[in-house]
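Novice: Structure supplied as query.txt; contents: compact mmCIF, C-alpha atoms and all ligand atoms.
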# COMPACT_ATOMS: atom_id res chain seq x y z
CA MET A 138 29.08 40.01 -52.53
CA TYR A 139 28.38 39.91 -56.29
CA PRO A 140 27.53 41.96 -58.29
CA GLN A 141 28.39 44.52 -55.60
CA PRO A 142 30.29 43.93 -52.41
CA GLY A 143 28.02 44.83 -49.52
CA GLY A 144 27.27 44.39 -45.88
CA ALA A 145 24.76 42.19 -44.14
CA LEU A 146 21.36 41.89 -45.81
CA ASP A 147 18.14 41.95 -43.85
CA ASP A 148 15.06 39.92 -44.78
CA ALA A 149 13.54 42.71 -46.87
CA GLN A 150 16.73 43.07 -48.89
CA LEU A 151 17.00 39.32 -49.37
CA LEU A 152 13.38 39.14 -50.52
CA ALA A 153 14.06 41.97 -52.97
CA ILE A 154 17.08 40.31 -54.57
CA TYR A 155 15.25 36.97 -54.87
CA ALA A 156 12.06 38.48 -56.35
CA TYR A 157 10.76 36.67 -59.45
CA SER A 158 11.56 38.80 -62.46
CA ASP A 159 8.17 38.68 -64.22
CA PRO A 160 5.30 37.31 -62.10
CA SER A 161 3.04 37.11 -65.18
CA LYS A 162 5.36 34.52 -66.79
CA SER A 163 5.75 30.98 -65.58
CA CYS A 164 9.09 30.58 -63.78
CA ALA A 165 10.42 27.30 -62.44
CA ARG A 166 12.96 28.14 -59.79
CA PHE A 167 14.91 25.25 -58.25
CA ASN A 168 16.43 25.55 -54.80
CA PHE A 169 19.09 23.05 -53.79
CA VAL A 170 21.92 22.60 -51.39
CA ALA A 171 25.03 20.60 -52.24
CA THR A 172 28.21 19.74 -50.40
CA ALA A 173 31.50 21.13 -51.67
CA ASP A 174 32.10 17.75 -53.33
CA GLY A 175 28.72 17.84 -55.08
CA ALA A 176 26.53 15.54 -52.98
CA ALA A 177 22.82 16.35 -52.73
CA ASN A 178 22.33 14.44 -49.52
CA HIS A 179 24.09 12.75 -46.65
CA GLN A 180 22.77 9.52 -45.18
CA GLY A 181 19.69 9.85 -47.38
CA VAL A 182 18.55 13.34 -46.42
CA SER A 183 19.56 16.88 -47.33
CA GLY A 184 18.29 18.58 -44.18
CA GLY A 185 21.66 18.45 -42.42
CA LEU A 186 23.55 20.10 -45.28
CA GLY A 187 22.15 23.59 -45.00
CA GLY A 188 23.51 26.04 -42.44
CA PRO A 189 21.77 29.13 -41.04
CA ALA A 190 22.01 31.19 -44.25
CA ASP A 191 20.64 28.37 -46.40
CA LYS A 192 17.77 27.81 -43.97
CA LYS A 193 17.02 31.54 -43.93
CA VAL A 194 16.89 31.80 -47.73
CA PHE A 195 14.97 28.49 -47.99
CA GLY A 196 12.19 30.02 -45.86
CA LEU A 197 12.23 33.39 -47.60
CA LEU A 198 11.97 31.79 -51.05
CA ARG A 199 8.76 30.07 -49.93
CA ARG A 200 7.26 33.48 -49.12
CA LEU A 201 7.73 34.59 -52.72
CA ALA A 202 6.31 31.50 -54.43
CA ASP A 203 2.80 30.79 -55.70
CA ALA A 204 3.55 27.10 -55.30
CA VAL A 205 6.15 24.89 -53.69
CA VAL A 206 6.81 21.87 -55.90
CA VAL A 207 8.33 18.66 -54.60
CA GLY A 208 8.85 15.15 -55.91
CA ALA A 209 7.48 12.05 -54.24
CA GLY A 210 11.01 10.81 -53.60
CA THR A 211 11.79 13.83 -51.45
CA VAL A 212 8.48 13.49 -49.63
CA ARG A 213 9.37 9.87 -48.85
CA ALA A 214 12.97 10.65 -47.84
CA GLU A 215 12.49 13.88 -45.94
CA GLY A 216 8.98 13.49 -44.56
CA TYR A 217 7.62 16.79 -45.89
CA ALA A 218 4.56 17.75 -43.89
CA GLY A 219 2.85 20.58 -42.08
CA GLU A 220 3.10 24.33 -42.50
CA LEU A 221 5.43 25.51 -45.22
CA LEU A 222 5.81 28.92 -43.60
CA ASP A 223 6.03 30.26 -40.08
CA ALA A 224 3.52 32.85 -38.81
CA GLN A 225 5.77 35.74 -39.83
CA GLY A 226 6.03 34.38 -43.36
CA GLN A 227 2.27 33.96 -43.58
CA GLN A 228 1.75 37.54 -42.37
CA TRP A 229 4.26 38.80 -44.92
CA ARG A 230 2.38 37.08 -47.73
CA LEU A 231 -0.94 38.51 -46.61
CA GLY A 232 0.60 41.98 -46.48
CA HIS A 233 1.85 41.53 -50.04
CA GLY A 234 -1.46 40.47 -51.53
CA LEU A 235 -0.60 36.79 -51.67
CA ALA A 236 -2.53 33.81 -50.34
CA THR A 237 -1.56 33.00 -46.75
CA HIS A 238 0.04 29.75 -47.87
CA PRO A 239 1.73 28.88 -51.12
CA ALA A 240 0.13 25.97 -52.94
CA LEU A 241 1.82 22.61 -52.45
CA VAL A 242 2.43 20.56 -55.59
CA ILE A 243 3.64 16.96 -55.35
CA ILE A 244 4.94 15.09 -58.40
CA SER A 245 4.39 11.33 -58.43
CA GLY A 246 4.20 9.21 -61.54
CA SER A 247 3.15 6.10 -59.62
CA LEU A 248 0.90 7.62 -56.94
CA ASP A 249 2.48 5.14 -54.59
CA MET A 250 1.54 7.26 -51.59
CA ALA A 251 -0.74 6.71 -48.62
CA SER A 252 -3.78 8.97 -48.60
CA ASP A 253 -3.48 9.32 -44.82
CA ALA A 254 0.17 10.42 -45.05
CA ASP A 255 1.15 13.53 -43.09
CA ILE A 256 1.83 15.43 -46.29
CA PHE A 257 -1.92 15.39 -46.93
CA SER A 258 -3.39 15.42 -43.44
CA ARG A 259 -1.13 18.16 -42.06
CA SER A 260 -1.05 20.46 -45.06
CA PRO A 261 -2.82 23.79 -44.51
CA VAL A 262 -3.87 23.73 -48.17
CA GLN A 263 -5.17 20.81 -50.22
CA PRO A 264 -2.13 19.68 -52.21
CA ILE A 265 -2.10 19.35 -55.98
CA VAL A 266 -0.67 16.02 -57.14
CA LEU A 267 0.74 15.91 -60.65
CA THR A 268 0.74 12.38 -61.96
CA THR A 269 0.68 10.28 -65.11
CA GLU A 270 -1.62 7.80 -66.79
CA ARG A 271 0.57 4.98 -65.49
CA ALA A 272 -0.79 5.59 -61.97
CA PRO A 273 -3.41 2.92 -61.26
CA LEU A 274 -7.00 4.22 -61.39
CA GLU A 275 -7.61 3.00 -57.87
CA SER A 276 -4.72 5.17 -56.61
CA ARG A 277 -6.00 8.17 -58.51
CA TYR A 278 -9.42 7.88 -56.84
CA ARG A 279 -7.83 7.26 -53.43
CA ILE A 280 -5.52 10.28 -53.60
CA ALA A 281 -8.29 12.43 -55.12
CA GLU A 282 -10.03 12.26 -51.73
CA VAL A 283 -7.22 14.29 -50.17
CA ALA A 284 -5.68 16.19 -53.09
CA ASP A 285 -6.38 17.77 -56.45
CA VAL A 286 -5.07 15.03 -58.76
CA VAL A 287 -3.96 16.24 -62.18
CA VAL A 288 -2.89 13.78 -64.87
CA ALA A 289 -0.23 15.28 -67.12
CA GLY A 290 1.65 12.74 -69.22
CA VAL A 291 1.47 9.08 -70.12
CA ASP A 292 4.47 7.25 -68.61
CA GLU A 293 6.44 10.28 -67.53
CA LEU A 294 5.30 13.70 -66.44
CA ASP A 295 4.68 15.99 -69.41
CA VAL A 296 6.38 19.02 -67.92
CA GLU A 297 4.85 21.49 -70.41
CA ALA A 298 1.35 20.19 -69.75
CA ALA A 299 1.98 20.25 -66.01
CA LEU A 300 3.16 23.86 -66.15
CA GLY A 301 0.07 24.73 -68.18
CA GLU A 302 -2.19 23.13 -65.56
CA LEU A 303 -0.48 25.10 -62.79
CA SER A 304 -0.61 28.32 -64.78
CA ASP A 305 -4.37 27.79 -65.34
CA ARG A 306 -4.68 27.76 -61.55
CA GLY A 307 -2.78 31.06 -61.29
CA LEU A 308 0.41 29.35 -60.15
CA THR A 309 3.32 30.76 -62.15
CA ARG A 310 6.00 31.53 -59.57
CA LEU A 311 7.15 28.01 -58.81
CA LEU A 312 9.67 27.05 -56.18
CA CYS A 313 10.87 23.51 -56.86
CA GLU A 314 12.53 22.13 -53.77
CA GLY A 315 13.59 18.91 -55.37
CA GLY A 316 14.61 16.45 -55.63
CA PRO A 317 17.08 15.35 -58.28
CA GLY A 318 14.45 13.32 -60.19
CA VAL A 319 12.13 16.30 -60.61
CA PHE A 320 15.07 18.56 -61.45
CA GLY A 321 16.15 16.08 -64.13
CA ALA A 322 12.67 15.97 -65.63
CA PHE A 323 12.46 19.75 -65.85
CA GLN A 324 15.98 20.02 -67.22
CA ALA A 325 15.24 17.44 -69.89
CA ALA A 326 12.16 19.46 -70.86
CA GLY A 327 14.21 22.67 -71.01
CA ARG A 328 12.09 24.23 -68.29
CA VAL A 329 14.61 25.14 -65.61
CA ASP A 330 14.43 28.91 -65.37
CA GLU A 331 16.42 29.49 -62.20
CA LEU A 332 18.70 27.66 -59.85
CA CYS A 333 19.33 28.83 -56.31
CA LEU A 334 22.22 26.72 -55.10
CA THR A 335 23.86 26.72 -51.72
CA PHE A 336 27.28 25.19 -51.32
CA SER A 337 27.48 23.65 -47.90
CA PRO A 338 30.97 23.85 -46.38
CA SER A 339 31.21 20.09 -46.05
CA LEU A 340 32.38 16.94 -47.82
CA ALA A 341 30.09 13.92 -48.10
CA GLY A 342 32.41 11.51 -49.87
CA GLY A 343 31.58 9.46 -52.93
CA GLY A 344 28.33 7.71 -53.71
CA GLY A 345 25.80 10.41 -52.91
CA PRO A 346 23.39 11.67 -55.58
CA ARG A 347 23.97 14.92 -57.39
CA ILE A 348 21.31 17.63 -57.40
CA VAL A 349 20.04 16.46 -60.78
CA SER A 350 19.52 12.88 -61.93
CA GLY A 351 18.86 11.37 -65.34
CA SER A 352 21.15 11.26 -68.32
CA GLY A 353 21.54 12.55 -71.85
CA HIS A 354 20.51 16.09 -71.00
CA GLU A 355 21.48 18.97 -73.25
CA LEU A 356 24.09 21.24 -71.71
CA GLN A 357 22.14 24.20 -70.35
CA ALA A 358 23.97 27.47 -69.92
CA LEU A 359 23.25 29.53 -66.82
CA ALA A 360 23.92 33.16 -66.03
CA LEU A 361 24.93 34.23 -62.55
CA ASN A 362 22.58 36.66 -60.82
CA HIS A 363 24.28 37.00 -57.49
CA VAL A 364 26.58 35.40 -54.93
CA LEU A 365 26.01 35.68 -51.22
CA VAL A 366 28.47 34.60 -48.56
CA SER A 367 27.62 33.92 -44.94
CA GLY A 368 30.43 32.49 -42.88
CA SER A 369 31.59 29.52 -44.96
CA GLU A 370 28.25 29.09 -46.80
CA VAL A 371 28.07 30.30 -50.41
CA LEU A 372 24.67 30.95 -51.98
CA LEU A 373 24.40 31.35 -55.74
CA ARG A 374 21.43 32.45 -57.80
CA TYR A 375 21.57 31.49 -61.46
CA ARG A 376 19.03 32.14 -64.18
CA ARG A 377 18.66 30.61 -67.61
CA ALA A 378 21.20 32.19 -69.99
CA VAL A 379 19.45 33.65 -73.04
N1 LIG A 401 20.18 18.70 -51.83
C1 LIG A 401 18.94 19.14 -51.96
O1 LIG A 401 18.72 20.35 -51.99
C2 LIG A 401 17.82 18.15 -52.05
C3 LIG A 401 16.53 18.61 -52.33
C4 LIG A 401 15.50 17.67 -52.40
C5 LIG A 401 15.77 16.33 -52.21
N2 LIG A 401 17.04 15.93 -51.97
C6 LIG A 401 17.34 14.52 -51.77
O2 LIG A 401 17.03 13.81 -52.94
C7 LIG A 401 16.71 12.45 -52.60
C8 LIG A 401 15.45 12.04 -53.31
O3 LIG A 401 15.75 12.03 -54.68
P1 LIG A 401 14.64 11.70 -55.76
O4 LIG A 401 15.22 11.96 -57.11
O5 LIG A 401 14.02 10.39 -55.47
O6 LIG A 401 13.57 12.79 -55.40
P2 LIG A 401 12.39 13.50 -56.17
O7 LIG A 401 12.83 14.14 -57.42
O8 LIG A 401 11.78 14.34 -55.11
O9 LIG A 401 11.34 12.35 -56.45
C9 LIG A 401 11.45 11.47 -57.51
C10 LIG A 401 10.07 10.95 -57.73
O10 LIG A 401 9.23 11.99 -58.25
C11 LIG A 401 8.40 11.49 -59.25
N3 LIG A 401 8.89 11.97 -60.53
C12 LIG A 401 9.99 12.72 -60.76
N4 LIG A 401 10.11 12.98 -62.08
C13 LIG A 401 9.05 12.39 -62.67
C14 LIG A 401 8.62 12.30 -64.02
N5 LIG A 401 9.31 12.85 -65.02
N6 LIG A 401 7.51 11.60 -64.28
C15 LIG A 401 6.81 11.02 -63.29
N7 LIG A 401 7.16 11.07 -61.99
C16 LIG A 401 8.28 11.76 -61.69
C17 LIG A 401 8.54 9.98 -59.17
O11 LIG A 401 7.62 9.60 -58.17
P3 LIG A 401 6.99 8.15 -58.03
O12 LIG A 401 8.09 7.28 -57.57
O13 LIG A 401 5.90 8.31 -57.01
O14 LIG A 401 6.47 7.77 -59.39
C18 LIG A 401 9.97 9.83 -58.73
O15 LIG A 401 10.26 8.59 -58.15
C19 LIG A 401 16.57 12.41 -51.10
O16 LIG A 401 17.73 11.84 -50.56
C20 LIG A 401 16.50 13.86 -50.70
O17 LIG A 401 17.04 14.07 -49.43
C21 LIG A 401 18.06 16.81 -51.91
Kindly present the structure from the file in structure tokens form.
Specialist:
Amino acid sequence: MYPQPGGALDDAQLLAIYAYSDPSKSCARFNFVATADGAANHQGVSGGLGGPADKKVFGLLRRLADAVVVGAGTVRAEGYAGELLDAQGQQWRLGHGLATHPALVIISGSLDMASDADIFSRSPVQPIVLTTERAPLESRYRIAEVADVVVAGVDELDVEAALGELSDRGLTRLLCEGGPGVFGAFQAAGRVDELCLTFSPSLAGGGGPRIVSGSGHELQALALNHVLVSGSEVLLRYRRAV
């Protein structure tokens, strides 16, 4: 619809308009869905907010990413586990010179996670866990049995150091699927490069979280890349304004 009015887009066209602009440069893309009144979840989860178009783009964005990044809060709330992509998505990646699966990166300052949790046991790739020095040593050893544990930061995640660690592993095209805590940390560090935001045609009422948490952030200007409309769903892609 913007910048040019057009007809229906097929998967190839959607993948083209969501392509990362410069794969050699680290890019933290955030993908969120919010209700029309700004809530990031309903009854504790966001899964019910996205309609068919949001779900379609959610899956396609995973195809394009080197790594899917998610916070421990979202893992706890949404029960992330298993394949990140269907067979078609995996085939597409192979055909485009990418690893079959994107890497899975979990952010947890506390490492308060069970090592036999589904997120570890059902992941097709060994997850990377970004944590901090405040995580107890015992937890670091425990999680290191099922994941690549990377310490980046003392009390809070050092976002720059974390991005450097991921870049050293060849992971520059990042798709951050939430949640608000991780978004807030990246925004505070000035490292939000893109926001893909779906407005769900629904109202959640007061009290729900917004897509970003934390306070005292600098106002960050965004530039609009495109707007897509599907039925009553509106999908926006913003990039950092230079
Ligand atoms: N609308 C959407 O698109 C969307 C997307 C994702 C999630 N959500 C919703 O968001 C809610 C969860 O929110 P959330 O903010 O708890 O999720 P989150 O951002 O996924 O997780 C927060 C957790 O991540 C770790 N973390 C984040 N920033 C950190 C930092 N700077 N340093 C160290 N650790 C850091 C901490 O883990 P530890 O506690 O382990 O230290 C923190 O408790 C759920 O209701 C979920 O449904 C909505």
Novice: Could you name the residues that touch Ala299 in chain A at 12 Å or less, counting only C-alpha atoms, but leaving out those on the same chain fewer than 3 positions away, as a CSV table (one decimal) with C-alpha atoms, keeping the file's coordinate frame?
Specialist:
chain,number,residue,atom,x,y,z
A,163,SER,CA,5.8,31.0,-65.6
A,165,ALA,CA,10.4,27.3,-62.4
A,206,VAL,CA,6.8,21.9,-55.9
A,242,VAL,CA,2.4,20.6,-55.6
A,243,ILE,CA,3.6,17.0,-55.4
A,244,ILE,CA,4.9,15.1,-58.4
A,245,SER,CA,4.4,11.3,-58.4
A,265,ILE,CA,-2.1,19.4,-56.0
A,266,VAL,CA,-0.7,16.0,-57.1
A,267,LEU,CA,0.7,15.9,-60.6
A,268,THR,CA,0.7,12.4,-62.0
A,269,THR,CA,0.7,10.3,-65.1
A,286,VAL,CA,-5.1,15.0,-58.8
A,287,VAL,CA,-4.0,16.2,-62.2
A,288,VAL,CA,-2.9,13.8,-64.9
A,289,ALA,CA,-0.2,15.3,-67.1
A,290,GLY,CA,1.6,12.7,-69.2
A,291,VAL,CA,1.5,9.1,-70.1
A,293,GLU,CA,6.4,10.3,-67.5
A,294,LEU,CA,5.3,13.7,-66.4
A,295,ASP,CA,4.7,16.0,-69.4
A,296,VAL,CA,6.4,19.0,-67.9
A,302,GLU,CA,-2.2,23.1,-65.6
A,303,LEU,CA,-0.5,25.1,-62.8
A,304,SER,CA,-0.6,28.3,-64.8
A,305,ASP,CA,-4.4,27.8,-65.3
A,306,ARG,CA,-4.7,27.8,-61.6
A,308,LEU,CA,0.4,29.4,-60.2
A,309,THR,CA,3.3,30.8,-62.2
A,311,LEU,CA,7.2,28.0,-58.8
A,322,ALA,CA,12.7,16.0,-65.6
A,323,PHE,CA,12.5,19.8,-65.8
A,326,ALA,CA,12.2,19.5,-70.9
A,328,ARG,CA,12.1,24.2,-68.3
Novice: Just the number, please: distance in Å from CA of His354 in chain A to CA of Gly318 in chain A, one decimal.
Specialist: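 About the pair CA of His354 in chain A and CA of Gly318 in chain A: they are 12.7 Å apart.
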Novice: Which residue out of A:Leu186, A:Ala298, A:Ala214, A:Ala176 has the minimum interatomic distance to Ser350 in chain A when only C-alpha atoms are used?
Specialist: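 Checking each of A:Leu186, A:Ala298, A:Ala214, A:Ala176 against Ser350 in chain A, counting only C-alpha atoms, the winner is A:Ala176.
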Novice: Out of A:Asp191, A:Glu297, A:Tyr217, A:Pro160, which residue has the shortest atom-to-atom distance to Arg259 in chain A when counting all atoms listed in the file?
Specialist: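 Between A:Asp191, A:Glu297, A:Tyr217, A:Pro160, the residue approaching Arg259 in chain A most closely is A:Tyr217.
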Novice: Here is a test: counting all atoms listed in the file, which residue of A:Leu235, A:Ala177, A:Cys313, A:Leu373 is nearest to ligand LIG 401 (chain A)?
Specialist: A:Ala177
Novice: Ligand LIG 401 (chain A): which residues are within 7 Å, counting all atoms listed in the file? Reply as a ChimeraX atom specification.
Specialist: /A:168-171,177-178,181-183,207-212,214-215,244-249,268-269,292-294,314-320,322,348,350
Novice: Identify which of the residues A:Pro189, A:Gly175, A:Pro142, A:Pro239 lies closest to Gly307 in chain A, counting only C-alpha atoms when measuring atom-to-atom distances.
Specialist: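 Of A:Pro189, A:Gly175, A:Pro142, A:Pro239, the one nearest Gly307 in chain A, counting only C-alpha atoms, is A:Pro239.
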Novice: Counting only C-alpha atoms, figure out which residue out of A:Arg347, A:Arg230, A:His179, A:Arg376 gets nearest to Asp203 in chain A.
Specialist: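 Result for the nearest residue to Asp203 in chain A: A:Arg230.
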Novice: Looking at A:Ala358, A:Leu222, A:Ala272, A:Ala145, which one is nearest to Gln324 in chain A, with distances taken over only C-alpha atoms?
Specialist: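 When distances to Gln324 in chain A are compared using only C-alpha atoms, the smallest one comes from A:Ala358.
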Novice: Can you list, as an NGL selection string, every protein, DNA or RNA residue that comes within 6 Å of Leu332 in chain A when you count all atoms listed in the file, leaving out same-chain residues fewer than 6 positions away?
Specialist: :A and (166-168 or 374-375)
Novice: As an exercise, work out the distance from CA of Ala153 in chain A to CA of Gly232 in chain A in Å and give it to one decimal place.
Specialist: 14.9 Å
Novice: Do you have the CA of Leu221 in chain A-CA of Tyr157 in chain A distance handy?
Specialist: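 That distance, rounded to one decimal, is 18.9 Å.
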Novice: Write range 159-172 of chain A as a short mmCIF file (atom, residue, chain, number, x, y, z; two decimals), in the frame of the given file, completed to N, CA and C atoms.
Specialist:
data_model
loop_
_atom_site.label_atom_id
_atom_site.label_comp_id
_atom_site.auth_asym_id
_atom_site.auth_seq_id
_atom_site.Cartn_x
_atom_site.Cartn_y
_atom_site.Cartn_z
N ASP A 159 9.42 38.29 -63.56
CA ASP A 159 8.17 38.68 -64.22
C ASP A 159 7.06 37.74 -63.73
N PRO A 160 6.30 38.19 -62.71
CA PRO A 160 5.30 37.31 -62.10
C PRO A 160 4.23 36.84 -63.09
N SER A 161 4.08 37.52 -64.23
CA SER A 161 3.04 37.11 -65.18
C SER A 161 3.50 35.90 -66.00
N LYS A 162 4.84 35.65 -65.98
CA LYS A 162 5.36 34.52 -66.79
C LYS A 162 5.71 33.36 -65.88
N SER A 163 5.42 32.16 -66.35
CA SER A 163 5.75 30.98 -65.58
C SER A 163 7.27 30.91 -65.34
N CYS A 164 7.66 30.69 -64.11
CA CYS A 164 9.09 30.58 -63.78
C CYS A 164 9.30 29.40 -62.85
N ALA A 165 10.08 28.44 -63.30
CA ALA A 165 10.42 27.30 -62.44
C ALA A 165 11.79 27.55 -61.82
N ARG A 166 11.74 27.89 -60.55
CA ARG A 166 12.96 28.14 -59.79
C ARG A 166 13.27 26.90 -58.97
N PHE A 167 14.50 26.41 -59.05
CA PHE A 167 14.91 25.25 -58.25
C PHE A 167 15.81 25.74 -57.13
N ASN A 168 15.61 25.19 -55.95
CA ASN A 168 16.43 25.55 -54.80
C ASN A 168 17.04 24.29 -54.22
N PHE A 169 18.38 24.24 -54.25
CA PHE A 169 19.09 23.05 -53.79
C PHE A 169 20.27 23.44 -52.92
N VAL A 170 20.68 22.46 -52.14
CA VAL A 170 21.92 22.60 -51.39
C VAL A 170 22.80 21.41 -51.76
N ALA A 171 24.09 21.67 -51.93
CA ALA A 171 25.03 20.60 -52.24
C ALA A 171 26.28 20.77 -51.39
N THR A 172 26.94 19.65 -51.12
CA THR A 172 28.21 19.74 -50.40
C THR A 172 29.28 20.26 -51.37
#
